[in-house]
Amino acid sequence: MALVDNVISKAREYIGVSENPPESNNVLFNTDYYGREVNGAFTYPWCVTFLWDIFRMSGAEIVFCDGIKTASTEAVFAHYKNKGMLFDSGKRGDIVLILTDGAGSERQVNHAGLVVNVNSDGTYETIEGNTGSGNIANGGMVMNRVRSLSGRGYRIVGFARPNYQIGTQKATSNEIPVSARLTIVGSGVRVRKAPDTSAPVTKNLSEGDVVRASGRIASRYNPWFHIDGGYISGNFVKGWVKDYNDNNRWWYVEKDYKYAKSQWKNISGKDYCFGKDSYLFVKCYIKSAVGGVYYWVDGDGVYQKRYDTTNPSRKYRIVENYKSENAL
């Protein structure tokens with residue numbers, strides 16, 4: 001999917017989420033934004049923190065207000081107006097800015113949402129945080145709404161247009177150098193010129209093809225690997241990856257960009273242990289979950305049963321709890 005599709009898809013996942021308790025503004029998006037749970041009926045409105053969090057979770061934090069962190073509708077309005085990116089008509093992926101009839105006379109805007117579709121009758125399908133049937137701008141729920149330029153109880157002030165292309169540009173500049181030998185999982189996997197599903201296709205790969213990657217785009221929701229000839233989605237590969245930005249440590253990726261974390265895993269008949277940070281433990285003793293036995297993993301991270309012991313050598317690292325300790 002293109003970046004705008006990722007953002008809209010992520011927003012749809014949260015339709016129906018509401019603050020708890022009612023009228024508290026205690027909701028996931030505020031917790032993510034402020035770094036703690038908040039509570040205050042008038043002090044933590046969250047229609048904009050919802051948008052900020054959705055873009056963040058989609059790997060597009062740089063796209064929302066060009067990376068500015070704000071919870072203010074007025075700040076969003078001013079930012080896009082000053083850039084010349086505030087429009088009278090909207091398109092998919094725009095931020096619709098709304099002024100409700102009940103807003104104070106000093107306000108230019110007091111609510112915002114994400115345009116997910118432009119309907120044939122000229123109305124706009126939106127997903128909005130902190131809205132409700134009885135209160136447009138402070139309803140306490142994520143909802144699918146339909147807005148129009150002639151709506152009752154509000155008027156659309158304008159449509160702010162995020163630059164989704166900057167997300168692709170930023171992703172490329174944030175490419176992490178890696179060494180990886182990856183096996184293609186799936187048929188017709190496209191290699192593209194850039195890490196974007198709208199970029200031109202250079203070739204297709206088949207199930208079982210093996211490629212080498214020299215870089216990766218570190219986005220949980222839109223991952224890419226840089227291979228010879230272009231970029232492939234991280235959702236259709238499996239194999240070992242060495243990150244050169246983190247002390248040359250290894251991790252293992254599987255289909256749908258899943259990776260082992262805080263667990264033992266058997267790969268090709270050998271047992272490996274991965275830490276809380278998803279990197280591979282190497283050359284250390286790891287305490288067993290039962291019996292007080294310590295397991296030895298060698299320099300390649302492979303478990304060596306013959307070295308099981310209840311008295312591990314202090315010359316090496318001793319991992320007491322692999323589920324809570326990082327491998328680094």
# chains A, B, ... in the order shown; residues from 1 in each chain; ligands from 1

call {"tool": "residues_around", "arguments": {"residues": "stretch 87-98 of chain A", "least_positions_apart": "4", "cutoff": "6 Å", "atoms": "only C-alpha atoms", "output": "list in words"}}
result
Val4, Val109, His111, Ala112, Gly113, Leu114, Val115, Val116, Asn117, Arg155, Ile156, Val157, Gly158, Phe159, Ala160 and Arg161 of chain A

call {"tool": "select_by_dssp", "arguments": {"residues": "stretch 33-215 of chain A", "states": "helix (DSSP H, G or I)", "output": "PyMOL selection string"}}
result
chain A and resi 33-34+47-57+64-67+73-82+164-173

call {"tool": "closest_residue", "arguments": {"among": "A:Ser120, A:Ser105, A:Thr100, A:Ser187", "to": "A:Gly151", "atoms": "only C-alpha atoms"}}
result
A:Thr100

call {"tool": "residues_around", "arguments": {"residues": "A:Gly215", "least_positions_apart": "2", "cutoff": "9 Å", "atoms": "only C-alpha atoms", "output": "list of chain:residue names"}}
result
A:Glu175, A:Ile176, A:Pro177, A:Val178, A:Ser179, A:Ala180, A:Ala213, A:Ile217, A:Trp224, A:Phe225, A:His226, A:Ile227, A:Asp243

call {"tool": "residues_around", "arguments": {"residues": "stretch 258-266 of chain A", "least_positions_apart": "3", "cutoff": "9 Å", "atoms": "only C-alpha atoms", "output": "ChimeraX atom specification"}}
result
/A:235,238,251-255,269-279,322-326

call {"tool": "residues_around", "arguments": {"residues": "A:Thr123", "least_positions_apart": "5", "cutoff": "9 Å", "atoms": "only C-alpha atoms", "output": "list in words"}}
result
Asn117, Val118, Val146, Arg147, Ser148 and Leu149 of chain A

call {"tool": "atom_distance", "arguments": {"atom1": "atom CA of A:Arg152", "atom2": "atom CA of A:Ala78"}}
result
24.5 Å

call {"tool": "residues_around", "arguments": {"residues": "A:Asn25", "least_positions_apart": "4", "cutoff": "10 Å", "atoms": "only C-alpha atoms", "output": "list of chain:residue names"}}
result
A:Ser18, A:Glu19, A:Asn20, A:Pro21, A:Phe29, A:Asn30, A:Thr31, A:Glu37, A:Val38, A:Asn39, A:Gly40, A:Ala41, A:Phe42, A:Thr43, A:Tyr44, A:Pro45, A:Trp46, A:Asn130, A:Asn138, A:Gly139, A:Gly140, A:Met141

call {"tool": "residues_around", "arguments": {"residues": "stretch 302-318 of chain A", "least_positions_apart": "2", "cutoff": "8 Å", "atoms": "only C-alpha atoms", "output": "number ranges by chain"}}
result
A: 270-272, 282-287, 292-300, 320

call {"tool": "atom_distance", "arguments": {"atom1": "atom CA of A:Arg56", "atom2": "atom CA of A:Arg192"}}
result
23.9 Å

call {"tool": "atom_distance", "arguments": {"atom1": "atom CA of A:Asp256", "atom2": "atom CA of A:Pro223"}}
result
9.4 Å
